[in-house]
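Written out below as structure tokens is the structure these notes cover.
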Amino acid sequence: MPVWDDLVGQERVADQLAAAARDADAYVTAVERGDEPELSGSSMTHAWLFTGPPGSGRSTAARAFAAALQCVSPDRALGGQPGCGFCDGCHTSLIGTHADVEVVRTDLLTIGVKETRELVRRAQLSPAGGRWQVIVLEDADRLTEGAGNVLLKAVEEPAPRTVWLLCAPSIEDVLPTIRSRCRQLPLRTPPVAAVADLLVRRDGIEPEVAEAAARATQGHIGRARRLATDERARARRLAVLRLPERAADVGGALRAAQELVDAAAEDAKQLAEELDGRETEELRTALGGGEGKRMPRGTAGVMKELEDRQKRRATRTQRDALDLALTDLTAFYRDVLAHQLGHAGGLAGGESEESVRRVAAATRPEQTLLRMEAVLECRRALDRNVAPLLAVEAMTMALR
């Protein structure tokens with residue numbers, strides 16, 4: 001299966017990347033013959049910026065391109081296209097074990113200067129065995145200003161066979177000096193039918209369940225897969241969709257806010273239970289303080305650094321869970337507004353449909369718009385580091 005098959009609803013982007021992969025393959029082949037080819041004027045370049053809304057498949061497109069750049073299929077000599085999906089280069093790139101493909105993602109709020117300098121150092125190395133040195137930065141929007149300035153020089157003057165693949169929600173989330181040096185590839189939200197087909201074809205999900213999950217998440221691939229496979233995710237979403245009718249008075253609004261924040265904290269706690277204990281034990285073993293042993297002297301600082309990182313990750317996880325809930329809430333009021341304006345086709349439907357009809361019948365369109373603005377203001381407040389409970393309480397009071 002070609003690596004482009006997972007780019008759901010992104011045919012134009014897949015065509016551009018496939019053309020660039022062909023030119024990149026021809027360039028490396030010429031270098032290996034001892035020629036001195038030029039990339040200027042071709043479809044290939046050393047820095048790419050993948051942008052698009054959440055769920056559009058930015059990181060999927062970047063990983064597929066990285067695999068195509070490392071493709072070593074013998075069919076290429078017979079006119080085959082790079083990105084077969086089966087050869088060692090494609091397979092190891094896609095599963096994350098290729099020595100020359102570095103995929104960088106973070107659970108923290110930001111990517112700092114220290115981590116970026118390490119990436120820049122790696123970018124100066126020649127490929128260890130692959131055709132290109134590829135660095136995929138999935139969260140380029142989380143670079144601090146200092147980290148962005150460190151990255152700028154590497155993107156501006158890359159090593160001959162190094163490729164930077166940056167991913168961000170929009171071009172405004174990346175420093176102007178960096179985005180001006182990248183080839184930009186905007187992705188769109190995939191069609192609901194295409195996402196449902198992917199869930200059936202790749203994950204073996206029942207067609208009815210896949211269709212309902214894809215429609216509920218309005219084409220967000222990752223969220224649709226989670227909703228179709230995780231009972232707890234469906235329960236949390238249902239609790240969020242009940243919030244508009246529960247926030248009818250002050251007491252109900254405040255209780256709903258507390259429950260929403262508690263649910264997000266529980267998500268963070270579940271992740272911590274899965275990761276923190278394992279990370280701590282692995283670090284203790286690496287430092288020579290295995291089970292039942294005292295930690296060697298001088299290691300307290302390293303352990304404290306891990307604890308701080310885990311706390312920052314928990315904060316990020318809680319914010320992500322709240323943001324997900326607020327996205328579902330926005331979609332609910334969008335459906336309410338569509339009903340009020342007489343355009344009910346193509347809505348999320350499912351378990352929220354009856355609630356949408358009741359709220360739409362009991363309120364006016366201008367009230368719905370004000371409530372959507374309250375949800376958006378809550379998201380902005382969380383971005384400004386307002387205490388989650390205060391931000392959510394202000395929102396639920398406005399939803400009354």
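Each chain of the structure tokens is named A, B, ... in the order shown, its residues numbered from 1; ligands are numbered from 1 in display order.
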
Which residues in segment 152-287 of chain A does DSSP call helix (DSSP H, G or I)? List them as a PyMOL selection string. chain A and resi 152-156+171-173+176-179+192-203+207-216+221-229+231-246+250-286

Find the residues of segment 133-228 of chain A that sit at most 12 Å from segment 76-99 of chain A; for each, write down the nearest two atoms and how far apart they are in Å, to one decimal. Count only C-alpha atoms. Sort by chain, then by number going up, and give it as CSV.
residue,atom,partner,partner_atom,distance
A:Gln133,CA,A:Ala99,CA,8.7
A:Val134,CA,A:Ala99,CA,9.6
A:Ile135,CA,A:Ala99,CA,11.0
A:Val136,CA,A:Gly96,CA,10.9

Using only C-alpha atoms, which residues sit within 10 Å of segment 101-118 of chain A once same-chain residues fewer than 3 positions away are excluded, as a count of residues only? 55

Extract, using only C-alpha atoms, all DNA, RNA and protein residues at most 8 Å from Ala214 of chain A, discarding same-chain residues fewer than 4 positions from it, and format them as a VMD selection string. chain A and resid 192 to 193 195 to 196 210 218 to 221 224

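Using only C-alpha atoms, the shortest contact distance between Glu157 of chain A and any of A:Thr45, A:Ser56, A:Gln258, A:Gln184 is found at A:Thr45.
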
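Considering only segment 170-321 of chain A, backbone DSSP assigns strand (DSSP E) to Arg183, Gln184, Leu185 and Pro186 of chain A.
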
Given the selection you just returned, output its residues as a file containing N, CA and C atoms, formatted as a compact mmCIF listing (two decimals), in the first residue's frame.
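Saved file result_21.txt follows:
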# COMPACT_ATOMS: atom_id res chain seq x y z
N ARG A 183 8.44 25.75 2.03
CA ARG A 183 7.35 25.56 1.07
C ARG A 183 6.11 25.17 1.85
N GLN A 184 5.03 25.91 1.66
CA GLN A 184 3.84 25.74 2.47
C GLN A 184 2.84 24.80 1.80
N LEU A 185 2.31 23.86 2.60
CA LEU A 185 1.32 22.90 2.12
C LEU A 185 0.09 22.96 3.02
N PRO A 186 -0.93 23.69 2.65
CA PRO A 186 -2.15 23.74 3.47
C PRO A 186 -3.01 22.50 3.25

Å distance separating atom CA of Arg255 of chain A from atom CA of Pro388 of chain A, one decimal place: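 Between atom CA of Arg255 of chain A and atom CA of Pro388 of chain A the gap is 14.0 Å.
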
Applying 6 Å and only C-alpha atoms, which residues near segment 354-363 of chain A remain after dropping the ones on its own chain fewer than 2 positions away? List them as JSON, numbers by chain. {"A": [336, 340, 352]}

For atom CA of Glu279 of chain A and atom CA of Leu306 of chain A, determine how far apart the two atoms are, in Å to one decimal place. 8.3 Å

May I have the residues within 12 Å of Leu382 of chain A as a list in words, using only C-alpha atoms and disregarding those fewer than 6 positions away in the same chain? Val261, Thr315, Arg316, Gln318, Arg319, Asp320, Ala321, Leu322, Asp323, Leu326, Val375, Leu376, Pro388, Leu389, Leu390, Ala391, Val392, Ala394 and Met395 of chain A

Å distance separating atom CA of Leu7 of chain A from atom CA of Ala61 of chain A, one decimal place: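 Spanning atom CA of Leu7 of chain A to atom CA of Ala61 of chain A is a straight-line distance of 6.2 Å.
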
Go through A:Val72, A:Ala168, A:Leu198, A:Cys378 one by one, measure the shortest atom-to-atom distance of each to Gly222 of chain A using only C-alpha atoms, and give the residue with the smallest value.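 Answer, going by the shortest atom-to-atom distance: A:Leu198.
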
Selection: 8 Å around Ala228 of chain A, only C-alpha atoms, excl. self and same-chain fewer than 5 positions, as a PyMOL selection string: chain A and resi 205+209-210+213+234

Looking at A:Cys71, A:Ala387, A:Met397, A:Val13, which one is nearest to Ala26 of chain A, with distances taken over only C-alpha atoms? A:Cys71

Using only C-alpha atoms, can you tell me which of A:Ala212, A:Arg161, A:Arg334, A:Arg236 comes closest to Val28 of chain A?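 Checking each candidate against Val28 of chain A, we get A:Arg161 as the closest.
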